[in-house]
$ cat protein-v9.txt   # compact mmCIF, C-alpha atoms and all ligand atoms
# COMPACT_ATOMS: atom_id res chain seq x y z
CA MET A 1416 53.12 -7.93 49.90
CA SER A 1417 52.22 -4.71 51.63
CA GLU A 1418 50.62 -1.75 49.97
CA GLN A 1419 53.34 0.65 51.04
CA THR A 1420 56.40 -1.30 50.02
CA THR A 1421 55.62 -3.31 46.93
CA THR A 1422 55.63 -2.23 43.34
CA PRO A 1423 52.89 -4.02 41.44
CA PRO A 1424 53.45 -6.54 38.72
CA THR A 1425 53.23 -5.03 35.28
CA ALA A 1426 51.30 -6.32 32.30
CA ASP A 1427 51.59 -4.52 28.99
CA ASP A 1428 48.01 -5.15 28.11
CA ALA A 1429 46.36 -1.78 28.48
CA GLU A 1430 46.75 -0.97 24.81
CA LYS A 1431 45.76 -4.45 23.67
CA ALA A 1432 42.69 -4.25 25.88
CA THR A 1433 41.31 -1.33 23.98
CA THR A 1434 42.18 -2.53 20.49
CA SER A 1435 41.56 -6.28 20.47
CA THR A 1436 38.43 -8.07 19.48
CA THR A 1437 37.25 -11.33 20.99
CA THR A 1438 38.73 -13.81 18.60
CA LYS A 1439 39.93 -17.27 19.50
CA VAL A 1440 43.59 -17.21 20.43
CA ASP A 1441 45.61 -17.90 17.30
CA ASP A 1442 49.11 -16.96 18.37
CA PRO A 1443 51.28 -19.78 16.95
CA SER A 1444 53.24 -19.99 20.18
CA THR A 1445 50.13 -20.62 22.26
CA ASN A 1446 47.51 -22.14 20.00
CA LYS A 1447 48.17 -25.66 21.23
CA LEU A 1448 47.52 -24.62 24.77
CA THR A 1449 44.13 -23.97 26.31
CA PRO A 1450 43.69 -20.47 27.75
CA ILE A 1451 42.67 -20.07 31.38
CA THR A 1452 41.12 -16.84 32.60
CA VAL A 1453 41.68 -16.67 36.36
CA ILE A 1454 38.88 -14.71 38.03
CA THR A 1455 39.76 -13.28 41.41
CA GLY A 1456 38.32 -10.69 43.75
CA PHE A 1457 37.27 -10.55 47.39
CA LEU A 1458 34.17 -12.27 48.78
CA GLY A 1459 31.03 -10.96 47.14
CA ALA A 1460 32.83 -8.74 44.60
CA GLY A 1461 30.85 -10.11 41.65
CA LYS A 1462 32.86 -13.11 40.35
CA THR A 1463 29.93 -15.49 39.90
CA THR A 1464 27.91 -12.65 38.37
CA PHE A 1465 30.80 -12.19 35.92
CA VAL A 1466 30.98 -15.90 35.03
CA ASN A 1467 27.24 -16.01 34.44
CA TYR A 1468 27.43 -12.87 32.32
CA ILE A 1469 30.18 -14.37 30.14
CA LEU A 1470 28.27 -17.63 29.74
CA LYS A 1471 25.15 -15.77 28.67
CA GLU A 1472 26.86 -13.24 26.38
CA GLN A 1473 29.43 -15.44 24.71
CA ASN A 1474 27.95 -17.80 22.14
CA ASP A 1475 30.94 -18.44 19.90
CA TRP A 1476 33.22 -20.07 22.42
CA LYS A 1477 32.78 -23.34 24.21
CA ILE A 1478 33.68 -22.56 27.78
CA CYS A 1479 34.53 -24.80 30.70
CA VAL A 1480 34.03 -23.35 34.18
CA LEU A 1481 36.07 -24.41 37.20
CA GLU A 1482 34.33 -23.23 40.36
CA ASN A 1483 36.13 -23.06 43.68
CA GLU A 1484 33.98 -21.79 46.49
CA PHE A 1485 34.96 -20.94 50.04
CA GLY A 1486 32.21 -22.15 52.28
CA GLU A 1487 31.02 -25.25 54.06
CA VAL A 1488 28.06 -25.57 51.71
CA SER A 1489 28.26 -24.98 47.92
CA ILE A 1490 25.78 -22.47 46.55
CA ASP A 1491 27.50 -20.94 43.51
CA ASP A 1492 27.72 -24.14 41.46
CA GLY A 1493 23.90 -24.28 41.35
CA LEU A 1494 23.69 -20.64 40.29
CA VAL A 1495 26.30 -21.03 37.55
CA ALA A 1496 24.83 -24.33 36.37
CA GLU A 1497 21.66 -22.44 35.45
CA SER A 1498 23.65 -20.57 32.77
CA MET A 1499 25.43 -23.59 31.30
CA ASP A 1500 24.28 -25.49 28.25
CA ALA A 1501 26.12 -28.63 29.32
CA PRO A 1502 26.26 -29.33 33.07
CA GLU A 1503 29.39 -31.50 32.62
CA ASP A 1504 31.31 -28.37 31.55
CA LEU A 1505 31.02 -27.01 35.10
CA ILE A 1506 33.52 -28.56 37.49
CA THR A 1507 33.35 -27.76 41.18
CA MET A 1508 36.49 -28.00 43.30
CA ASP A 1509 35.17 -28.20 46.81
CA ASN A 1510 37.99 -29.74 48.82
CA GLY A 1511 39.06 -26.31 50.00
CA CYS A 1512 40.58 -23.22 48.49
CA VAL A 1513 42.73 -23.87 45.39
CA CYS A 1514 45.32 -21.36 46.40
CA CYS A 1515 46.48 -23.04 49.60
CA SER A 1516 46.68 -26.47 51.18
CA VAL A 1517 44.69 -28.13 48.44
CA ARG A 1518 46.49 -26.75 45.42
CA GLY A 1519 46.61 -30.45 44.54
CA ASP A 1520 42.89 -30.21 43.76
CA LEU A 1521 43.60 -27.69 41.01
CA VAL A 1522 46.38 -29.83 39.51
CA ARG A 1523 44.20 -32.93 39.70
CA THR A 1524 41.19 -31.22 38.13
CA LEU A 1525 43.19 -29.61 35.31
CA GLY A 1526 45.08 -32.88 34.86
CA GLN A 1527 41.85 -34.82 34.42
CA LEU A 1528 40.62 -32.15 32.02
CA VAL A 1529 43.63 -32.56 29.70
CA LYS A 1530 41.94 -35.28 27.66
CA ARG A 1531 38.85 -33.10 27.15
CA ARG A 1532 40.57 -29.74 26.85
CA HIS A 1533 40.41 -29.60 23.03
CA ASP A 1534 36.63 -29.53 23.40
CA PHE A 1535 36.97 -26.08 24.92
CA ASP A 1536 38.05 -22.69 23.61
CA ALA A 1537 38.57 -21.30 27.08
CA ILE A 1538 38.54 -22.17 30.76
CA LEU A 1539 37.21 -19.79 33.39
CA LEU A 1540 38.69 -20.50 36.81
CA GLU A 1541 36.61 -18.76 39.48
CA THR A 1542 38.71 -18.67 42.63
CA THR A 1543 37.40 -18.23 46.14
CA GLY A 1544 37.01 -14.72 47.52
CA LEU A 1545 39.92 -15.45 49.87
CA ALA A 1546 42.31 -16.81 47.27
CA ASP A 1547 45.76 -15.36 46.82
CA PRO A 1548 46.38 -15.58 43.05
CA ALA A 1549 50.15 -15.98 43.47
CA PRO A 1550 50.18 -19.71 44.32
CA ILE A 1551 47.63 -20.40 41.59
CA VAL A 1552 49.88 -18.74 39.02
CA TYR A 1553 52.85 -20.60 40.46
CA THR A 1554 51.07 -23.96 40.18
CA ILE A 1555 50.06 -23.48 36.55
CA GLN A 1556 53.46 -22.11 35.55
CA THR A 1557 55.67 -24.65 37.29
CA ASN A 1558 53.85 -27.98 36.99
CA SER A 1559 54.96 -29.41 33.65
CA LYS A 1560 51.65 -31.14 32.94
CA MET A 1561 49.92 -27.81 33.44
CA SER A 1562 52.29 -25.70 31.37
CA GLU A 1563 52.31 -28.21 28.50
CA ASN A 1564 48.54 -28.01 28.19
CA TYR A 1565 47.39 -24.64 29.50
CA PHE A 1566 48.41 -21.02 29.67
CA ILE A 1567 47.06 -18.15 31.72
CA ASP A 1568 45.28 -15.84 29.32
CA SER A 1569 44.49 -13.21 31.89
CA ILE A 1570 43.98 -12.60 35.60
CA VAL A 1571 40.81 -10.59 36.08
CA CYS A 1572 40.13 -9.08 39.50
CA LEU A 1573 36.63 -8.01 40.47
CA ALA A 1574 36.81 -5.01 42.81
CA ASP A 1575 33.71 -4.22 44.88
CA ALA A 1576 33.59 -0.40 44.77
CA LYS A 1577 31.73 -0.25 48.08
CA HIS A 1578 33.47 -2.84 50.25
CA LEU A 1579 36.97 -3.30 48.86
CA PRO A 1580 38.46 -0.32 50.78
CA ILE A 1581 37.50 -1.99 54.09
CA HIS A 1582 39.33 -5.17 53.14
CA LEU A 1583 42.39 -3.37 51.76
CA ASN A 1584 42.64 -1.60 55.13
CA GLU A 1585 42.46 -4.80 57.12
CA ILE A 1586 45.48 -5.44 59.31
CA LYS A 1587 46.26 -9.14 59.68
CA PRO A 1588 46.97 -10.33 63.23
CA ASN A 1589 50.01 -12.21 61.96
CA PRO A 1590 52.25 -9.82 59.98
CA THR A 1591 53.41 -12.63 57.67
CA ASP A 1592 49.86 -13.34 56.48
CA VAL A 1593 49.05 -11.84 53.11
CA ASN A 1594 46.17 -9.43 52.65
CA GLU A 1595 44.25 -11.42 50.04
CA ALA A 1596 42.32 -8.38 48.80
CA TYR A 1597 45.59 -6.56 48.14
CA GLN A 1598 47.20 -9.54 46.40
CA GLN A 1599 44.19 -9.96 44.15
CA VAL A 1600 44.49 -6.37 42.94
CA ALA A 1601 48.29 -6.55 42.63
CA PHE A 1602 48.31 -9.69 40.51
CA ALA A 1603 45.59 -8.73 38.05
CA ASP A 1604 46.10 -7.57 34.51
CA LYS A 1605 42.46 -6.44 34.38
CA ILE A 1606 40.54 -4.89 37.25
CA LEU A 1607 36.79 -4.63 36.96
CA LEU A 1608 35.73 -1.80 39.26
CA ASN A 1609 32.29 -3.25 39.92
CA LYS A 1610 29.20 -2.06 41.84
CA ILE A 1611 29.76 1.58 40.96
CA ASP A 1612 26.01 2.02 41.43
CA LEU A 1613 26.61 1.74 45.20
CA VAL A 1614 29.15 4.56 45.59
CA SER A 1615 29.44 8.28 44.98
CA HIS A 1616 31.61 9.67 42.20
CA GLU A 1617 34.21 10.75 44.80
CA GLU A 1618 34.32 7.31 46.43
CA LYS A 1619 34.81 5.71 43.04
CA LEU A 1620 37.66 8.07 42.11
CA SER A 1621 39.35 7.57 45.46
CA LEU A 1622 39.29 3.77 45.08
CA GLU A 1623 40.46 4.02 41.50
CA THR A 1624 43.49 6.06 42.61
CA ARG A 1625 44.22 3.48 45.28
CA LEU A 1626 43.98 0.60 42.78
CA LYS A 1627 46.38 2.41 40.47
CA ASN A 1628 48.82 2.82 43.36
CA ILE A 1629 48.72 -0.90 44.03
CA ASN A 1630 48.85 -1.91 40.37
CA LYS A 1631 50.05 0.74 37.96
CA THR A 1632 49.58 -1.17 34.73
CA ALA A 1633 46.38 -3.18 35.01
CA ALA A 1634 43.56 -1.82 32.88
CA ILE A 1635 40.67 -0.68 35.10
CA LEU A 1636 37.18 -1.06 33.66
CA GLU A 1637 34.23 0.41 35.54
CA CYS A 1638 31.04 -1.62 35.57
CA THR A 1639 27.87 -2.66 37.30
CA LYS A 1640 26.79 -6.28 37.56
CA SER A 1641 30.25 -7.23 36.19
CA LYS A 1642 29.23 -6.23 32.67
CA VAL A 1643 32.16 -5.23 30.49
CA PRO A 1644 32.73 -5.69 26.76
CA LEU A 1645 33.97 -9.25 26.40
CA ASP A 1646 36.45 -8.25 23.72
CA GLN A 1647 38.33 -6.50 26.52
CA ILE A 1648 38.48 -9.63 28.64
CA LEU A 1649 38.77 -12.88 26.72
CA GLY A 1650 41.39 -14.05 24.24
CA LEU A 1651 43.87 -11.24 24.86
CA ASN A 1652 46.79 -13.28 26.16
CA SER A 1653 47.46 -10.39 28.51
CA PHE A 1654 48.96 -12.28 31.44
CA ASN A 1655 52.65 -11.51 31.68
CA MET A 1656 54.88 -13.62 33.94
CA GLU A 1657 57.97 -11.55 33.15
CA SER A 1658 56.30 -8.50 34.59
CA ILE A 1659 55.56 -10.32 37.85
CA LEU A 1660 59.19 -11.44 38.02
CA THR A 1661 60.37 -7.91 37.33
CA VAL A 1662 58.76 -6.68 40.50
CA ASP A 1663 59.01 -9.88 42.52
CA PRO A 1664 62.21 -11.63 41.40
CA ASP A 1665 61.86 -14.15 44.26
CA PHE A 1666 58.33 -15.09 43.20
CA PHE A 1667 59.14 -18.74 42.47
CA ASP A 1668 61.29 -19.15 45.59
CA THR A 1669 58.75 -17.65 47.93
CA GLN A 1670 55.91 -19.78 46.60
CA GLU A 1671 57.83 -23.07 46.84
CA GLY A 1672 56.42 -25.19 49.64
CA ASP A 1673 54.35 -22.33 51.03
CA GLU A 1674 50.96 -23.86 51.54
CA SER A 1675 49.30 -21.77 54.22
CA HIS A 1676 47.96 -18.51 52.89
CA HIS A 1677 44.83 -17.94 54.88
CA ASN A 1678 44.40 -17.07 58.43
CA LEU A 1679 41.46 -19.39 58.71
CA GLU A 1680 41.20 -18.97 62.46
CA VAL A 1681 40.11 -15.41 61.76
CA VAL A 1682 37.86 -15.78 58.71
CA GLN A 1683 35.66 -18.81 59.00
CA SER A 1684 32.80 -20.30 57.08
CA VAL A 1685 29.67 -21.70 58.64
CA GLY A 1686 27.29 -23.80 56.56
CA VAL A 1687 23.78 -24.66 57.69
CA THR A 1688 21.47 -27.06 55.85
CA PHE A 1689 18.04 -28.27 56.89
CA LYS A 1690 14.71 -29.37 55.44
CA GLY A 1691 11.40 -27.56 55.83
CA GLN A 1692 9.70 -24.40 54.71
CA LEU A 1693 10.70 -21.05 56.11
CA HIS A 1694 8.30 -18.41 57.35
CA ALA A 1695 9.11 -15.44 55.11
CA GLN A 1696 8.44 -12.74 57.69
CA TRP A 1697 10.35 -14.44 60.51
CA PHE A 1698 13.30 -15.14 58.23
CA ASN A 1699 13.40 -11.55 56.96
CA MET A 1700 13.31 -10.20 60.50
CA PHE A 1701 16.09 -12.53 61.61
CA MET A 1702 18.36 -11.61 58.67
CA MET A 1703 17.74 -7.88 59.06
CA ASP A 1704 18.57 -8.03 62.77
CA LEU A 1705 21.63 -10.21 62.14
CA LEU A 1706 23.10 -7.98 59.47
CA ARG A 1707 22.29 -4.80 61.38
CA GLU A 1708 24.21 -6.07 64.39
CA ARG A 1709 26.96 -8.07 62.65
CA ALA A 1710 27.42 -6.50 59.17
CA ALA A 1711 31.07 -5.65 59.79
CA ASP A 1712 31.94 -9.23 60.77
CA ILE A 1713 29.77 -11.05 58.24
CA TYR A 1714 31.66 -10.51 54.99
CA ARG A 1715 29.41 -12.74 52.98
CA SER A 1716 26.15 -14.66 53.34
CA LYS A 1717 24.39 -16.78 50.77
CA GLY A 1718 21.38 -19.03 50.78
CA LEU A 1719 19.03 -21.17 48.75
CA LEU A 1720 15.63 -21.20 50.41
CA SER A 1721 12.19 -22.74 50.35
CA PHE A 1722 9.34 -20.61 51.73
CA HIS A 1723 5.93 -21.65 52.93
CA GLY A 1724 3.17 -20.62 50.54
CA GLN A 1725 5.49 -19.97 47.58
CA GLY A 1726 4.85 -23.13 45.58
CA ASN A 1727 7.91 -24.39 43.76
CA ILE A 1728 9.74 -21.04 43.68
CA LYS A 1729 13.33 -21.43 44.86
CA PHE A 1730 14.68 -18.30 46.51
CA VAL A 1731 18.26 -17.07 46.46
CA PHE A 1732 19.65 -14.92 49.21
CA GLN A 1733 22.90 -12.98 48.61
CA GLY A 1734 24.49 -10.76 51.25
CA VAL A 1735 27.75 -8.79 51.15
CA HIS A 1736 28.15 -7.15 54.55
CA GLU A 1737 24.93 -5.14 55.00
CA GLN A 1738 23.99 -5.27 51.31
CA ILE A 1739 21.28 -7.85 50.66
CA ASN A 1740 19.80 -9.18 47.44
CA PHE A 1741 16.92 -11.54 47.66
CA GLY A 1742 14.71 -13.02 44.97
CA PRO A 1743 13.63 -16.08 43.01
CA ALA A 1744 16.28 -18.25 41.34
CA SER A 1745 15.93 -18.58 37.59
CA MET A 1746 15.09 -22.28 37.98
CA PRO A 1747 12.31 -23.41 40.34
CA TRP A 1748 12.55 -26.45 42.62
CA GLN A 1749 12.39 -29.52 40.43
CA ASP A 1750 9.87 -32.27 41.20
CA ASN A 1751 12.58 -34.77 42.15
CA GLU A 1752 14.74 -32.25 44.02
CA GLU A 1753 14.93 -32.36 47.79
CA ARG A 1754 13.94 -28.96 49.15
CA LEU A 1755 16.86 -28.21 51.40
CA ASN A 1756 17.44 -24.75 52.81
CA LYS A 1757 21.16 -24.04 52.51
CA PHE A 1758 23.05 -21.16 54.08
CA VAL A 1759 26.65 -20.08 54.15
CA PHE A 1760 28.04 -17.34 56.37
CA ILE A 1761 31.65 -16.23 55.94
CA GLY A 1762 33.27 -13.87 58.37
CA LYS A 1763 34.62 -13.47 61.88
CA ASN A 1764 33.35 -14.73 65.23
CA LEU A 1765 30.58 -16.89 63.83
CA ASN A 1766 28.81 -19.35 66.07
CA LYS A 1767 27.43 -22.29 64.10
CA ILE A 1768 25.16 -23.58 66.89
CA GLU A 1769 23.57 -20.19 67.45
CA LEU A 1770 23.13 -19.52 63.73
CA THR A 1771 21.60 -22.95 63.14
CA LYS A 1772 19.17 -22.54 66.03
CA SER A 1773 18.13 -19.04 64.99
CA LEU A 1774 17.57 -20.09 61.37
CA MET A 1775 15.61 -23.17 62.35
CA ASP A 1776 13.44 -20.99 64.56
CA CYS A 1777 12.33 -19.32 61.30
CA LEU A 1778 10.76 -22.54 60.03
CA TYR A 1779 7.05 -22.32 59.38
CA LYS A 1780 5.11 -24.25 62.02
CA GLU A 1781 1.39 -24.70 61.39
CA GLU A 1782 0.15 -24.53 65.01
CA GLU A 1783 2.36 -21.69 66.22
CA THR A 1784 1.56 -19.62 63.16
CA GLU A 1785 -2.15 -20.09 63.74
CA LYS A 1786 -1.73 -19.05 67.38
CA THR A 1787 0.27 -15.97 66.38
CA ASP A 1788 -2.27 -15.07 63.72
CA ASN A 1789 -5.16 -15.43 66.20
CA LYS A 1790 -3.41 -13.19 68.71
CA GLU A 1791 -3.03 -10.47 66.05
N1 LIG B 1801 24.39 -3.36 43.60
C1 LIG B 1801 25.15 -4.20 42.90
N2 LIG B 1801 25.18 -5.50 43.25
C2 LIG B 1801 25.98 -6.32 42.53
C3 LIG B 1801 26.75 -5.88 41.42
N3 LIG B 1801 27.43 -6.94 40.92
C4 LIG B 1801 27.09 -8.01 41.68
N4 LIG B 1801 26.21 -7.65 42.65
C5 LIG B 1801 25.61 -8.49 43.70
O1 LIG B 1801 26.61 -8.81 44.66
C6 LIG B 1801 26.31 -10.08 45.25
C7 LIG B 1801 27.54 -10.96 45.18
O2 LIG B 1801 27.82 -11.26 43.81
P1 LIG B 1801 28.57 -12.60 43.38
O3 LIG B 1801 28.73 -12.55 41.91
O4 LIG B 1801 27.91 -13.78 43.97
O5 LIG B 1801 29.96 -12.37 44.11
P2 LIG B 1801 31.19 -13.38 44.21
O6 LIG B 1801 32.42 -12.57 44.05
O7 LIG B 1801 31.02 -14.53 43.28
O8 LIG B 1801 31.03 -13.88 45.70
P3 LIG B 1801 31.83 -15.08 46.44
O9 LIG B 1801 31.79 -16.26 45.52
O10 LIG B 1801 31.10 -15.29 47.69
O11 LIG B 1801 33.19 -14.57 46.68
C8 LIG B 1801 25.13 -10.63 44.46
O12 LIG B 1801 23.96 -10.37 45.19
C9 LIG B 1801 25.15 -9.84 43.17
O13 LIG B 1801 23.88 -9.73 42.56
C10 LIG B 1801 26.68 -4.49 41.07
O14 LIG B 1801 27.33 -4.00 40.14
N5 LIG B 1801 25.88 -3.71 41.86
$ encode --input "protein-v9.txt" --output "structure tokens"
Amino acid sequence: MSEQTTTPPTADDAEKATTSTTTKVDDPSTNKLTPITVITGFLGAGKTTFVNYILKEQNDWKICVLENEFGEVSIDDGLVAESMDAPEDLITMDNGCVCCSVRGDLVRTLGQLVKRRHDFDAILLETTGLADPAPIVYTIQTNSKMSENYFIDSIVCLADAKHLPIHLNEIKPNPTDVNEAYQQVAFADKILLNKIDLVSHEEKLSLETRLKNINKTAAILECTKSKVPLDQILGLNSFNMESILTVDPDFFDTQEGDESHHNLEVVQSVGVTFKGQLHAQWFNMFMMDLLRERAADIYRSKGLLSFHGQGNIKFVFQGVHEQINFGPASMPWQDNEERLNKFVFIGKNLNKIELTKSLMDCLYKEEETEKTDNKE
């Protein structure tokens, strides 16, 4: 789809969104099926923040989370697990991105969940930041085992108020490649305009107008830290397949057999994992230099870190382009846990060997540190 030529899918949920309360779905036509809320949005938009918020806020529902992360090393599952009462209710799909060549992973995971699905009131499916929602919808709608057990309650798109315009503007080298950021907005029935703390009023209004041009009917909810009233998100049954078919009558034909949605030669993921304790100052200097020079190319960076002199505090590093958040994780390193530093960088023109070397150069080394300290 291209922004200029495509009319967005419609979903007649705007009114429902403002009038419904979060009650378990009791529509007789759907009550046998388990609702899935598909959470989309570009890399770093706030999807995991949203899942964690729902898990913390929502006490009445038993929720199962399906996590699909784009990146050589999984970081998000650990961060979501901290919010879950029962770790077995978090399922990570890490064989690749559910929207493309490994759609089978989604079918397999949901298939295996069928026998447990009555334990849950809702499923949250967090897709990768590069997922095109269209094939995910197609898979759930067309596979009989899926459609006999599940229905899509809603497709919620997190929109990063600061960085989304850059990704909507991106021109793909191959004209047949979809712009994932655009698709995510177009297919949503709810758009959470997140991170409004990072933009001016004018920037926010300009993006809002653009979102409405891409998707005229999705309800847009402004927020920070992905916090919106849950009665406007869950249990609304607001996904509407007819509306997608109205604007894209060939939807089912075009999805059939189409398994390559990402231009993975362009956007790549580099994962780096090693033992040892990092030197806080050296690491900070390295990251600041890296993001200053490469912020445009590095869409997303994440890390779980162990620092010298910080006891059992586990640190979490979160970067979205030049925007960095850094602080202690809510759970410290456990006694029996191996203290591995894990990093993921997602973006263009990344060199794994160079990144690994530079990060390992930030390891704390007793002798060198003493020498440096003596010099100072
Ligand atoms: N300033 C600001 N930061 C936010 C807001 N919401 C989320 N963040 C931060 O943005 C970063 C990315 O958030 P995540 O929730 O991990 O984003 P994501 O969409 O799950 O990222 P991927 O899984 O990599 O696609 C984190 O550091 C969040 O704390 C917000 O409203 N304002």
$ residues_around --input "protein-v9.txt" --residues "Glu1637 in chain A" --least-positions-apart "4" --cutoff "8 Å" --atoms "only C-alpha atoms" --output "list in words"
Leu1607, Leu1608, Asn1609, Ile1611 and Val1643 of chain A
$ residues_near_ligand --input "protein-v9.txt" --ligand "ligand LIG 1801 (chain B)" --cutoff "6 Å" --atoms "only C-alpha atoms and all ligand atoms" --output "PyMOL selection string"
chain A and resi 1457-1464+1543-1544+1609-1610+1612-1613+1639-1641+1733+1740
$ atom_distance --input "protein-v9.txt" --atom1 "CA of Trp1697 in chain A" --atom2 "CA of Val1759 in chain A"
18.4 Å
$ residues_near_point --input "protein-v9.txt" --point "(23.1, -7.3, 58.5)" --cutoff "9 Å" --atoms "all atoms listed in the file" --output "PDB file with C-alpha atoms, in the coordinates of the input"
ATOM      1  CA  MET A1702      18.360 -11.610  58.670  1.00  0.00           C
ATOM      2  CA  MET A1703      17.740  -7.880  59.060  1.00  0.00           C
ATOM      3  CA  ASP A1704      18.570  -8.030  62.770  1.00  0.00           C
ATOM      4  CA  LEU A1705      21.630 -10.210  62.140  1.00  0.00           C
ATOM      5  CA  LEU A1706      23.100  -7.980  59.470  1.00  0.00           C
ATOM      6  CA  ARG A1707      22.290  -4.800  61.380  1.00  0.00           C
ATOM      7  CA  GLU A1708      24.210  -6.070  64.390  1.00  0.00           C
ATOM      8  CA  ARG A1709      26.960  -8.070  62.650  1.00  0.00           C
ATOM      9  CA  ALA A1710      27.420  -6.500  59.170  1.00  0.00           C
ATOM     10  CA  ALA A1711      31.070  -5.650  59.790  1.00  0.00           C
ATOM     11  CA  ILE A1713      29.770 -11.050  58.240  1.00  0.00           C
ATOM     12  CA  GLY A1734      24.490 -10.760  51.250  1.00  0.00           C
ATOM     13  CA  VAL A1735      27.750  -8.790  51.150  1.00  0.00           C
ATOM     14  CA  HIS A1736      28.150  -7.150  54.550  1.00  0.00           C
ATOM     15  CA  GLU A1737      24.930  -5.140  55.000  1.00  0.00           C
ATOM     16  CA  GLN A1738      23.990  -5.270  51.310  1.00  0.00           C
ATOM     17  CA  ILE A1739      21.280  -7.850  50.660  1.00  0.00           C
TER      18      ILE A1739
END
$ closest_residue --input "protein-v9.txt" --among "A:Gln1647, A:Gln1527, A:Asn1766, A:Asn1655" --to "Val1685 in chain A" --atoms "all atoms listed in the file"
A:Asn1766
$ closest_residue --input "protein-v9.txt" --among "A:Leu1651, A:Ile1538, A:Ile1606, A:Lys1577" --to "Ala1633 in chain A" --atoms "only C-alpha atoms"
A:Ile1606
$ atom_distance --input "protein-v9.txt" --atom1 "CA of His1533 in chain A" --atom2 "CA of Phe1465 in chain A"
23.7 Å
$ atom_distance --input "protein-v9.txt" --atom1 "CA of Phe1741 in chain A" --atom2 "CA of Gly1726 in chain A"
16.9 Å
$ closest_residue --input "protein-v9.txt" --among "A:Leu1755, A:Ile1506, A:Val1731, A:Val1453" --to "Ile1551 in chain A" --atoms "only C-alpha atoms"
A:Val1453
